[in-house]
Amino acid sequence: MRKWGLLAAALGLTLAACGGGTTTTTADGEAAPAGGSRLDVVKERGQLVCGVDGGIPGFSFVDESGAYTGLDVDVCKAVAAAVLGDAEAVEYRRLDSTERFTALSGGEVDMLSRNTTWTISRDTSVGLEFAPTTFFDGQGMLVRADSGITDLEDFAGQAVCVETGTTTELNLTDQMRQLGVDFEPVVFQDADAAYAAYDEGRCEGMTSDKSQLVARRSTLPNPDEHTLLEVTMSKEPLGPVTTNNDSAWFDVVKWVTYGLIQAEEFGISSENIATFEGGENPDIARFLGEEGTLGSDMGLSNDFMTQVITQVGNYGEIYERNVGAGSQFGLERGQNALWTEGGLMYAPPFR
């Protein structure tokens, strides 16, 4: 059945491209008016449908009460706040690595905010649009502290658990091939199954993005018995994703994401935003929607970033409470610091 779903999604994208306009479907698979945008669909529905993983603490995780939390979840909330004025107007859809792109291209979700790596093939042949990176990461390897494994060469003849349908799987194969290491890949469609197999000892290592390994290690019965190797196998720029051929919707997701970064650069947070209102800085006045038409030019209210910051916070706040100093993980900002602090987070001008 999945093959037929992929074929249908591909035909839909082809017809949209051939027609010269955008064919949009709702999250229930219903067609929107020809030439319409996903932005119009979300507004009419009054709710954002956001595809997430749901099993990675700190990024997207469902707690015992059923509430979703994490950095990726907060990006969904930021888009909802900008478009609908309500950060809680989000329906979350848990998607595994093999179904996420089909769900997006088929209109089951409006966007992905699901630890998805930006690559050339996904950006072109798969038909995706990648908004600004919200977490710069790299692939790592988790092993048992007493395993005696210290580098990738030690995996000769050993098994490694990996989630299929990911850049992780290809990176692992490439790295081991380059090193001449003959290992046994043990692949899983579902991340939960992969980590369960690793915990049961079915493989000597578990590989994924380092942030995910740190988060998932915290859910193992004895986290201190596991450690990350001092190895980085790849570049993994992770961020929100939309489909091709819908520039209006992509612009919204893109500039809301940039807005989170710019707010931190301005020093505007959920706690102090009121002190910036009515100020004399014209750049901040435009950013908050007190001057100009930056919001209405995108089909949003001019104060869309005021709504985002008030309800969700800036990028620094999102990072710190979910994976940084205010969380159980305590991850340093590193590459995810602002460009003014030696990191890679940089937003184009709001003009």
# chains A, B, ... in the order shown; residues from 1 in each chain; ligands from 1
>>> residues_around(residues="region 183-187 of chain A", least_positions_apart="3", cutoff="7 Å", atoms="only C-alpha atoms", output="PyMOL selection string")
chain A and resi 155-164
>>> select_by_dssp(residues="region 4-241 of chain A", states="helix (DSSP H, G or I)", output="PyMOL selection string")
chain A and resi 4-19+38-45+71-84+100-105+120-123+152-155+167-179+191-199+210-217+223-225
>>> residues_around(residues="Gly295 (chain A)", least_positions_apart="3", cutoff="12 Å", atoms="only C-alpha atoms", output="PyMOL selection string")
chain A and resi 82-83+251-252+255-256+259+286-292+298-307+350-351
>>> closest_residue(among="A:Met233, A:Leu71, A:Met111, A:Val312", to="Phe135 (chain A)", atoms="only C-alpha atoms")
A:Leu71
>>> residues_around(residues="Val241 (chain A)", least_positions_apart="6", cutoff="7 Å", atoms="only C-alpha atoms", output="list in words")
Met111, Leu112, Ser113, Leu128, Glu129, Phe130 and Ala131 of chain A
>>> closest_residue(among="A:Ala87, A:Met345, A:Ile56, A:Leu39", to="Ala191 (chain A)", atoms="only C-alpha atoms")
A:Ile56
>>> closest_residue(among="A:Glu277, A:Asp190, A:Glu108, A:Asp199", to="Tyr92 (chain A)", atoms="only C-alpha atoms")
A:Glu108
>>> closest_residue(among="A:Ala89, A:Gly165, A:Arg144, A:Cys50", to="Pro223 (chain A)", atoms="only C-alpha atoms")
A:Arg144
>>> residues_around(residues="Gln139 (chain A)", least_positions_apart="2", cutoff="9 Å", atoms="only C-alpha atoms", output="number ranges by chain")
A: 137, 141, 168, 171-172, 207-211, 231-236
>>> write_last_selection(atoms="N, CA and C atoms", output="CSV table (one decimal), in the first residue's frame")
chain,number,residue,atom,x,y,z
A,137,ASP,N,23.8,19.7,13.8
A,137,ASP,CA,24.1,18.5,14.5
A,137,ASP,C,25.1,17.7,13.6
A,141,MET,N,27.9,7.9,17.5
A,141,MET,CA,27.7,6.5,17.8
A,141,MET,C,27.6,6.3,19.4
A,168,THR,N,21.3,8.8,8.2
A,168,THR,CA,22.1,8.1,9.2
A,168,THR,C,22.6,6.8,8.6
A,171,ASN,N,25.1,7.4,5.8
A,171,ASN,CA,26.4,7.9,6.3
A,171,ASN,C,27.2,6.8,7.0
A,172,LEU,N,26.5,5.9,7.7
A,172,LEU,CA,27.1,4.8,8.4
A,172,LEU,C,27.8,3.9,7.3
A,207,THR,N,23.6,4.2,16.2
A,207,THR,CA,24.0,5.4,15.5
A,207,THR,C,22.8,6.3,15.1
A,208,SER,N,23.0,7.6,15.3
A,208,SER,CA,22.0,8.6,14.9
A,208,SER,C,22.6,10.0,15.1
A,209,ASP,N,21.8,11.0,15.0
A,209,ASP,CA,22.3,12.4,15.3
A,209,ASP,C,22.7,12.4,16.7
A,210,LYS,N,23.8,13.1,17.0
A,210,LYS,CA,24.3,13.1,18.4
A,210,LYS,C,23.2,13.6,19.4
A,211,SER,N,22.5,14.6,19.0
A,211,SER,CA,21.4,15.2,19.9
A,211,SER,C,20.4,14.1,20.2
A,231,VAL,N,33.5,10.8,17.9
A,231,VAL,CA,33.5,10.7,16.5
A,231,VAL,C,32.3,11.4,15.9
A,232,THR,N,32.5,12.1,14.8
A,232,THR,CA,31.4,12.8,14.1
A,232,THR,C,31.5,12.4,12.7
A,233,MET,N,30.4,11.7,12.2
A,233,MET,CA,30.4,11.1,10.9
A,233,MET,C,29.9,11.9,9.8
A,234,SER,N,29.2,13.0,10.1
A,234,SER,CA,28.5,13.8,9.1
A,234,SER,C,28.1,15.2,9.6
A,235,LYS,N,27.7,16.0,8.6
A,235,LYS,CA,27.0,17.2,9.0
A,235,LYS,C,25.5,17.0,8.9
A,236,GLU,N,24.8,17.4,9.9
A,236,GLU,CA,23.3,17.1,10.0
A,236,GLU,C,22.6,18.4,10.3
>>> residues_around(residues="Glu153 (chain A)", least_positions_apart="6", cutoff="9 Å", atoms="only C-alpha atoms", output="PyMOL selection string")
chain A and resi 176+179-181
>>> write_last_selection(atoms="N, CA, C and O atoms", output="mmCIF file, in the first residue's frame")
data_model
loop_
_atom_site.group_PDB
_atom_site.id
_atom_site.type_symbol
_atom_site.label_atom_id
_atom_site.label_comp_id
_atom_site.auth_asym_id
_atom_site.auth_seq_id
_atom_site.Cartn_x
_atom_site.Cartn_y
_atom_site.Cartn_z
ATOM 1 N N MET A 176 31.940 3.345 7.056
ATOM 2 C CA MET A 176 32.535 2.025 7.238
ATOM 3 C C MET A 176 33.222 1.543 5.957
ATOM 4 O O MET A 176 34.276 0.899 6.002
ATOM 5 N N LEU A 179 36.527 3.269 5.706
ATOM 6 C CA LEU A 179 37.496 2.742 6.667
ATOM 7 C C LEU A 179 37.848 1.280 6.413
ATOM 8 O O LEU A 179 38.768 0.744 7.026
ATOM 9 N N GLY A 180 37.093 0.649 5.513
ATOM 10 C CA GLY A 180 37.329 -0.767 5.244
ATOM 11 C C GLY A 180 36.877 -1.670 6.365
ATOM 12 O O GLY A 180 37.441 -2.756 6.571
ATOM 13 N N VAL A 181 35.838 -1.254 7.092
ATOM 14 C CA VAL A 181 35.330 -2.024 8.230
ATOM 15 C C VAL A 181 34.122 -2.853 7.798
ATOM 16 O O VAL A 181 33.120 -2.306 7.326
#
>>> residues_around(residues="Arg114 (chain A)", least_positions_apart="4", cutoff="9 Å", atoms="only C-alpha atoms", output="ChimeraX atom specification")
/A:50-54,59-60,72-73,95,100,238-241
>>> closest_residue(among="A:Val49, A:Ala325, A:Ala337, A:Leu229", to="Ser147 (chain A)", atoms="only C-alpha atoms")
A:Leu229
>>> atom_distance(atom1="CA of Ala145 (chain A)", atom2="CA of Glu204 (chain A)")
10.7 Å
>>> select_by_dssp(residues="region 213-346 of chain A", states="strand (DSSP E or B)", output="ChimeraX atom specification")
/A:226-228,236-238,241-243,338,345
>>> closest_residue(among="A:Leu344, A:Thr242, A:Glu200, A:Lys254", to="Leu220 (chain A)", atoms="only C-alpha atoms")
A:Glu200
